[in-house]
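Below is upload_11.pdb, which holds PDB, C-alpha atoms.
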```pdb
ATOM      1  CA  SER A   1     126.718 175.965  64.976  1.00  0.00           C
ATOM      2  CA  GLU A   2     129.730 173.817  64.527  1.00  0.00           C
ATOM      3  CA  GLU A   3     130.428 174.409  68.164  1.00  0.00           C
ATOM      4  CA  MET A   4     126.896 173.412  69.029  1.00  0.00           C
ATOM      5  CA  LYS A   5     127.358 170.210  67.053  1.00  0.00           C
ATOM      6  CA  LYS A   6     130.574 169.461  68.937  1.00  0.00           C
ATOM      7  CA  ARG A   7     128.891 170.182  72.243  1.00  0.00           C
ATOM      8  CA  LEU A   8     125.993 167.902  71.294  1.00  0.00           C
ATOM      9  CA  GLU A   9     128.399 165.167  70.259  1.00  0.00           C
ATOM     10  CA  LYS A  10     130.317 165.589  73.503  1.00  0.00           C
ATOM     11  CA  LEU A  11     127.051 165.532  75.402  1.00  0.00           C
ATOM     12  CA  ASP A  12     125.992 162.400  73.499  1.00  0.00           C
ATOM     13  CA  GLU A  13     129.338 160.733  74.271  1.00  0.00           C
ATOM     14  CA  SER A  14     129.128 161.730  77.910  1.00  0.00           C
ATOM     15  CA  HIS A  15     125.541 160.507  78.067  1.00  0.00           C
ATOM     16  CA  ALA A  16     126.494 157.223  76.375  1.00  0.00           C
ATOM     17  CA  GLU A  17     129.362 156.735  78.847  1.00  0.00           C
ATOM     18  CA  GLN A  18     127.064 157.528  81.746  1.00  0.00           C
ATOM     19  CA  MET A  19     124.480 155.078  80.403  1.00  0.00           C
ATOM     20  CA  GLU A  20     127.168 152.389  80.106  1.00  0.00           C
ATOM     21  CA  ARG A  21     128.211 153.028  83.736  1.00  0.00           C
ATOM     22  CA  VAL A  22     124.590 152.913  84.885  1.00  0.00           C
ATOM     23  CA  LYS A  23     124.074 149.718  82.865  1.00  0.00           C
ATOM     24  CA  ALA A  24     127.256 148.177  84.359  1.00  0.00           C
ATOM     25  CA  ASP A  25     126.194 149.190  87.880  1.00  0.00           C
ATOM     26  CA  MET A  26     122.725 147.739  87.323  1.00  0.00           C
ATOM     27  CA  MET A  27     124.228 144.480  86.027  1.00  0.00           C
ATOM     28  CA  LYS A  28     126.525 144.296  89.072  1.00  0.00           C
ATOM     29  CA  SER A  29     123.591 145.004  91.347  1.00  0.00           C
ATOM     30  CA  TYR A  30     121.432 142.452  89.501  1.00  0.00           C
ATOM     31  CA  GLU A  31     124.164 139.818  89.609  1.00  0.00           C
ATOM     32  CA  SER A  32     124.851 140.571  93.257  1.00  0.00           C
ATOM     33  CA  SER A  33     121.153 140.255  94.180  1.00  0.00           C
ATOM     34  CA  LYS A  34     120.881 137.158  91.989  1.00  0.00           C
ATOM     35  CA  ALA A  35     123.892 135.638  93.795  1.00  0.00           C
ATOM     36  CA  ALA A  36     122.346 136.543  97.149  1.00  0.00           C
ATOM     37  CA  GLU A  37     119.050 134.960  96.045  1.00  0.00           C
ATOM     38  CA  LEU A  38     120.875 131.818  94.888  1.00  0.00           C
ATOM     39  CA  ALA A  39     122.771 131.652  98.200  1.00  0.00           C
ATOM     40  CA  ARG A  40     119.485 132.049 100.092  1.00  0.00           C
ATOM     41  CA  MET A  41     117.885 129.331  97.960  1.00  0.00           C
ATOM     42  CA  ALA A  42     120.888 127.047  98.485  1.00  0.00           C
ATOM     43  CA  SER A  43     120.707 127.591 102.246  1.00  0.00           C
ATOM     44  CA  ALA A  44     116.953 126.908 102.285  1.00  0.00           C
ATOM     45  CA  HIS A  45     117.493 123.800 100.146  1.00  0.00           C
ATOM     46  CA  LYS A  46     120.197 122.573 102.527  1.00  0.00           C
ATOM     47  CA  LYS A  47     117.832 123.062 105.490  1.00  0.00           C
ATOM     48  CA  ASP A  48     115.047 121.240 103.600  1.00  0.00           C
ATOM     49  CA  MET A  49     117.403 118.357 102.834  1.00  0.00           C
ATOM     50  CA  GLU A  50     118.523 118.142 106.484  1.00  0.00           C
ATOM     51  CA  GLN A  51     114.870 118.071 107.610  1.00  0.00           C
ATOM     52  CA  MET A  52     114.049 115.436 105.001  1.00  0.00           C
ATOM     53  CA  LYS A  53     117.035 113.365 106.147  1.00  0.00           C
ATOM     54  CA  HIS A  54     115.879 113.710 109.763  1.00  0.00           C
ATOM     55  CA  ASP A  55     112.300 112.763 108.847  1.00  0.00           C
ATOM     56  CA  MET A  56     113.499 109.730 106.889  1.00  0.00           C
ATOM     57  CA  LEU A  57     115.647 108.581 109.816  1.00  0.00           C
ATOM     58  CA  VAL A  58     112.709 108.976 112.210  1.00  0.00           C
ATOM     59  CA  GLU A  59     110.465 107.090 109.785  1.00  0.00           C
ATOM     60  CA  ALA A  60     113.051 104.330 109.342  1.00  0.00           C
ATOM     61  CA  ASN A  61     113.491 104.109 113.122  1.00  0.00           C
ATOM     62  CA  ASP A  62     109.718 103.853 113.601  1.00  0.00           C
ATOM     63  CA  ALA A  63     109.526 101.178 110.905  1.00  0.00           C
ATOM     64  CA  MET A  64     112.341  99.241 112.600  1.00  0.00           C
ATOM     65  CA  LYS A  65     110.531  99.457 115.954  1.00  0.00           C
ATOM     66  CA  ILE A  66     107.305  98.197 114.352  1.00  0.00           C
ATOM     67  CA  GLU A  67     109.156  95.338 112.615  1.00  0.00           C
ATOM     68  CA  THR A  68     111.010  94.453 115.830  1.00  0.00           C
ATOM     69  CA  ASP A  69     107.726  94.385 117.763  1.00  0.00           C
ATOM     70  CA  ARG A  70     106.180  92.196 115.045  1.00  0.00           C
ATOM     71  CA  LEU A  71     109.146  89.808 115.175  1.00  0.00           C
ATOM     72  CA  VAL A  72     108.983  89.642 118.985  1.00  0.00           C
ATOM     73  CA  ARG A  73     105.240  88.848 118.847  1.00  0.00           C
ATOM     74  CA  ALA A  74     105.830  86.198 116.166  1.00  0.00           C
ATOM     75  CA  HIS A  75     108.624  84.675 118.275  1.00  0.00           C
ATOM     76  CA  GLU A  76     106.431  84.648 121.387  1.00  0.00           C
ATOM     77  CA  ALA A  77     103.612  82.989 119.426  1.00  0.00           C
ATOM     78  CA  ALA A  78     106.024  80.378 118.038  1.00  0.00           C
ATOM     79  CA  MET A  79     107.379  79.696 121.529  1.00  0.00           C
ATOM     80  CA  GLU A  80     103.825  79.335 122.884  1.00  0.00           C
ATOM     81  CA  LYS A  81     102.980  76.882 120.086  1.00  0.00           C
ATOM     82  CA  LEU A  82     106.194  74.959 120.766  1.00  0.00           C
ATOM     83  CA  ARG A  83     105.299  74.809 124.491  1.00  0.00           C
ATOM     84  CA  ALA A  84     101.816  73.534 123.606  1.00  0.00           C
ATOM     85  CA  ASP A  85     103.229  70.966 121.146  1.00  0.00           C
ATOM     86  CA  LEU A  86     105.781  69.718 123.682  1.00  0.00           C
ATOM     87  CA  THR A  87     103.087  69.490 126.361  1.00  0.00           C
ATOM     88  CA  ALA A  88     100.845  67.549 123.968  1.00  0.00           C
ATOM     89  CA  GLN A  89     103.744  65.230 123.054  1.00  0.00           C
ATOM     90  CA  ALA A  90     104.603  64.668 126.713  1.00  0.00           C
ATOM     91  CA  THR A  91     100.950  63.968 127.521  1.00  0.00           C
ATOM     92  CA  ALA A  92     100.653  61.552 124.587  1.00  0.00           C
ATOM     93  CA  GLU A  93     103.864  59.763 125.644  1.00  0.00           C
ATOM     94  CA  THR A  94     102.641  59.546 129.247  1.00  0.00           C
ATOM     95  CA  LEU A  95      99.327  58.096 128.057  1.00  0.00           C
ATOM     96  CA  ARG A  96     101.134  55.631 125.771  1.00  0.00           C
ATOM     97  CA  VAL A  97     103.377  54.474 128.638  1.00  0.00           C
ATOM     98  CA  GLN A  98     100.393  54.188 131.026  1.00  0.00           C
ATOM     99  CA  THR A  99      98.361  52.292 128.420  1.00  0.00           C
ATOM    100  CA  GLU A 100     101.221  49.848 127.814  1.00  0.00           C
ATOM    101  CA  SER A 101     101.710  49.438 131.551  1.00  0.00           C
ATOM    102  CA  ASN A 102      97.961  48.803 132.018  1.00  0.00           C
ATOM    103  CA  ARG A 103      97.988  46.284 129.138  1.00  0.00           C
ATOM    104  CA  GLN A 104     100.896  44.400 130.713  1.00  0.00           C
ATOM    105  CA  LEU A 105      99.170  44.492 134.090  1.00  0.00           C
ATOM    106  CA  ALA A 106      95.966  43.161 132.529  1.00  0.00           C
ATOM    107  CA  VAL A 107      97.926  40.262 130.992  1.00  0.00           C
ATOM    108  CA  VAL A 108      99.434  39.439 134.410  1.00  0.00           C
ATOM    109  CA  VAL A 109      96.045  39.723 136.156  1.00  0.00           C
ATOM    110  CA  GLU A 110      94.416  37.503 133.495  1.00  0.00           C
ATOM    111  CA  ARG A 111      97.188  34.897 133.810  1.00  0.00           C
ATOM    112  CA  GLU A 112      96.929  34.886 137.624  1.00  0.00           C
ATOM    113  CA  THR A 113      93.139  34.755 137.408  1.00  0.00           C
ATOM    114  CA  GLN A 114      93.384  31.695 135.146  1.00  0.00           C
ATOM    115  CA  GLN A 115      95.863  30.089 137.553  1.00  0.00           C
ATOM    116  CA  LEU A 116      93.576  30.800 140.515  1.00  0.00           C
ATOM    117  CA  LYS A 117      90.595  29.358 138.625  1.00  0.00           C
ATOM    118  CA  HIS A 118      92.641  26.245 137.800  1.00  0.00           C
ATOM    119  CA  ILE A 119      93.760  25.885 141.432  1.00  0.00           C
ATOM    120  CA  HIS A 120      90.193  26.481 142.608  1.00  0.00           C
ATOM    121  CA  SER A 121      88.757  23.834 140.276  1.00  0.00           C
ATOM    122  CA  GLN A 122      91.467  21.375 141.380  1.00  0.00           C
ATOM    123  CA  GLU A 123      90.622  22.060 145.047  1.00  0.00           C
ATOM    124  CA  MET A 124      86.917  21.639 144.375  1.00  0.00           C
ATOM    125  CA  ALA A 125      87.571  18.347 142.557  1.00  0.00           C
ATOM    126  CA  ARG A 126      89.749  17.133 145.459  1.00  0.00           C
ATOM    127  CA  LEU A 127      87.072  18.111 147.990  1.00  0.00           C
ATOM    128  CA  LYS A 128      84.410  16.171 146.076  1.00  0.00           C
ATOM    129  CA  GLU A 129      86.480  12.967 146.230  1.00  0.00           C
TER     130      GLU A 129
END
```
Please express the file's structure as structure tokens.
Amino acid sequence: SEEMKKRLEKLDESHAEQMERVKADMMKSYESSKAAELARMASAHKKDMEQMKHDMLVEANDAMKIETDRLVRAHEAAMEKLRADLTAQATAETLRVQTESNRQLAVVVERETQQLKHIHSQEMARLKE
């Protein structure tokens, strides 16, 4: 049974070698599938990042449009207020000039009225003589 022992040992060695090969093949296969999975995940992540970048650019563009519209409306409102203020100032200045002109005219009319009254009273006194 020495021969049987040798055969069993040889069989054990052969089996151990075969198991090592199977184990090595399985590891290669596992590592290969793991690498493929990592590559797939990396590709998906890259696509996700590109989409996120696109979405952020769209969002930023929308925000810029909203801010630009807000600034345009604020500018238009400021210009409208400026127009109203300038109109009010022009109206006030026109009224001030007209009031001053009327005051000066009233002074002239009063002076002439006094002169006419004086002339009239002199004429009346002369006529009574």
One number please: atom CA of His118 of chain A to atom CA of Glu100 of chain A, in Å, one decimal.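 That distance, rounded to one decimal, is 27.0 Å.
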What does the distance between atom CA of Ala35 of chain A and atom CA of Asp48 of chain A come to in Å, to one decimal place?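 If I compute the distance from atom CA of Ala35 of chain A to atom CA of Asp48 of chain A, I get 19.5 Å.
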At what distance in Å, to one decimal, does atom CA of Lys34 of chain A lie from atom CA of Arg21 of chain A?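 Computing it gives 19.3 Å between the two atoms.
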